[in-house]
Amino acid sequence: MAEVKLHGFWYSPFTIRVIWALNLKGIPYEHIEEDRFNKSPQLLQYNPVYKKTPVLVHDGKPICESMLIVEYIDEIWPQNSLLPADPYDRAQARFWVKYVDDMFPGIVAHHRSRSDEDREKAREIIWERLGVIEDQCLGDKKKFYGGDAINIVDIALASFVKFIEVQEGMFEVKILQSERFPRLNLWFNNFKDVPIIKENSPSKEELVACLKPLIEKILAKERMAS
């Protein structure tokens with residue numbers, strides 16, 4: 001088997017997506033932990049356009065962007081397929097992956113808010129988007145989006161929901177309200193209970209302990225630069 005390496009941040013929802021995909025496929029790989037404030041020359045060489053993680057290096061060739069990496073993994077290693085076989089179902093899955101990715105700026109706005117009022121406005125936007133997920137994406141009471149097995153939509157959505165959990169811990173608020181989003185909460189509990197996911201996911205407490213000071217540091221550097 002060709003060598004597989006993953007450059008990323010262990011606490012990043014985007015790196016976690018790739019970790020889940022590799023482990024669901026049973027693919028051995030080397031994890032190379034990057035420093036957000038001092039990225040390695042290899043990372044900058046592999047992703048000269050965005051200079052971001054994650055980057056998967058397979059047989060010496062780099063692939064960038066988390067969900068493109070997940071699709072690449074699914075094509076190279078077809079066992080435990082993550083994408084539907086039917087072209088229409090595959091297009092629908094990609095639609096929801098894009099919808100989830102478009103939600104990330106909302107959660108970023110939430111943790112960047114400088115007042116309770118701004119944070120409340122950001123939370124309302126997140127709730128509106130989660131309502132669409134609740135009613136349209138998870139509306140048919142399946143265990144996972146793809147049925148009984150995790151697929152690409154579950155990976156994308158779970159990484160986002162996990163980051164919401166971190167926000168809840170950081171700001172002592174409840175965003176994933178069970179009475180407002182019963183399907184979403186049931187689905188996420190099903191996802192977290194899968195042994196491979198449980199074994200390859202940092203805890204909420206670990207993520208809060210890491211990300212709270214990290215985000216404060218990033219915001220302080222931005223304020224100094226402005």
# chains A, B, ... in the order shown; residues from 1 in each chain; ligands from 1

call {"tool": "residues_around", "arguments": {"residues": "Asp140 in chain A", "least_positions_apart": "5", "cutoff": "12 Å", "atoms": "only C-alpha atoms", "output": "list in words"}}
result
Ile133, Glu134, Asp135, Tyr145, Gly146, Gly147, Arg183, Leu184 and Trp187 of chain A

call {"tool": "write_last_selection", "arguments": {"atoms": "C-alpha atoms", "output": "PDB file, in the first residue's frame"}}
result
ATOM      1  CA  ILE A 133     -31.192  20.267   8.539  1.00  0.00           C
ATOM      2  CA  GLU A 134     -33.772  19.029  11.046  1.00  0.00           C
ATOM      3  CA  ASP A 135     -36.719  19.164   8.636  1.00  0.00           C
ATOM      4  CA  TYR A 145     -28.284  10.206   6.481  1.00  0.00           C
ATOM      5  CA  GLY A 146     -27.471   7.229   4.254  1.00  0.00           C
ATOM      6  CA  GLY A 147     -29.544   4.712   6.235  1.00  0.00           C
ATOM      7  CA  ARG A 183     -33.979  14.472  15.037  1.00  0.00           C
ATOM      8  CA  LEU A 184     -30.610  16.215  14.992  1.00  0.00           C
ATOM      9  CA  TRP A 187     -28.839  11.425  14.826  1.00  0.00           C
TER      10      TRP A 187
END

call {"tool": "residues_around", "arguments": {"residues": "range 46-63 of chain A", "least_positions_apart": "3", "cutoff": "6 Å", "atoms": "only C-alpha atoms", "output": "list in words"}}
result
Ala2, Glu3, Val4, Lys5, Leu6, His7, Gly8, Thr15 and Leu43 of chain A

call {"tool": "write_last_selection", "arguments": {"atoms": "C-alpha atoms", "output": "PDB file, in the first residue's frame"}}
result
ATOM      1  CA  ALA A   2       1.251   3.481  -0.880  1.00  0.00           C
ATOM      2  CA  GLU A   3       2.247   5.705   2.007  1.00  0.00           C
ATOM      3  CA  VAL A   4      -0.538   7.898   3.451  1.00  0.00           C
ATOM      4  CA  LYS A   5       0.163  10.994   5.543  1.00  0.00           C
ATOM      5  CA  LEU A   6      -2.239  13.543   6.993  1.00  0.00           C
ATOM      6  CA  HIS A   7      -1.138  17.082   7.831  1.00  0.00           C
ATOM      7  CA  GLY A   8      -3.597  18.730  10.179  1.00  0.00           C
ATOM      8  CA  THR A  15      -9.019  17.467   9.996  1.00  0.00           C
ATOM      9  CA  LEU A  43       2.495  21.942   4.350  1.00  0.00           C
TER      10      LEU A  43
END

call {"tool": "closest_residue", "arguments": {"among": "A:Ala93, A:Ile218, A:Val18, A:Ile125", "to": "Tyr72 in chain A", "atoms": "only C-alpha atoms"}}
result
A:Val18

call {"tool": "atom_distance", "arguments": {"atom1": "CA of Leu22 in chain A", "atom2": "CA of Met67 in chain A"}}
result
12.3 Å
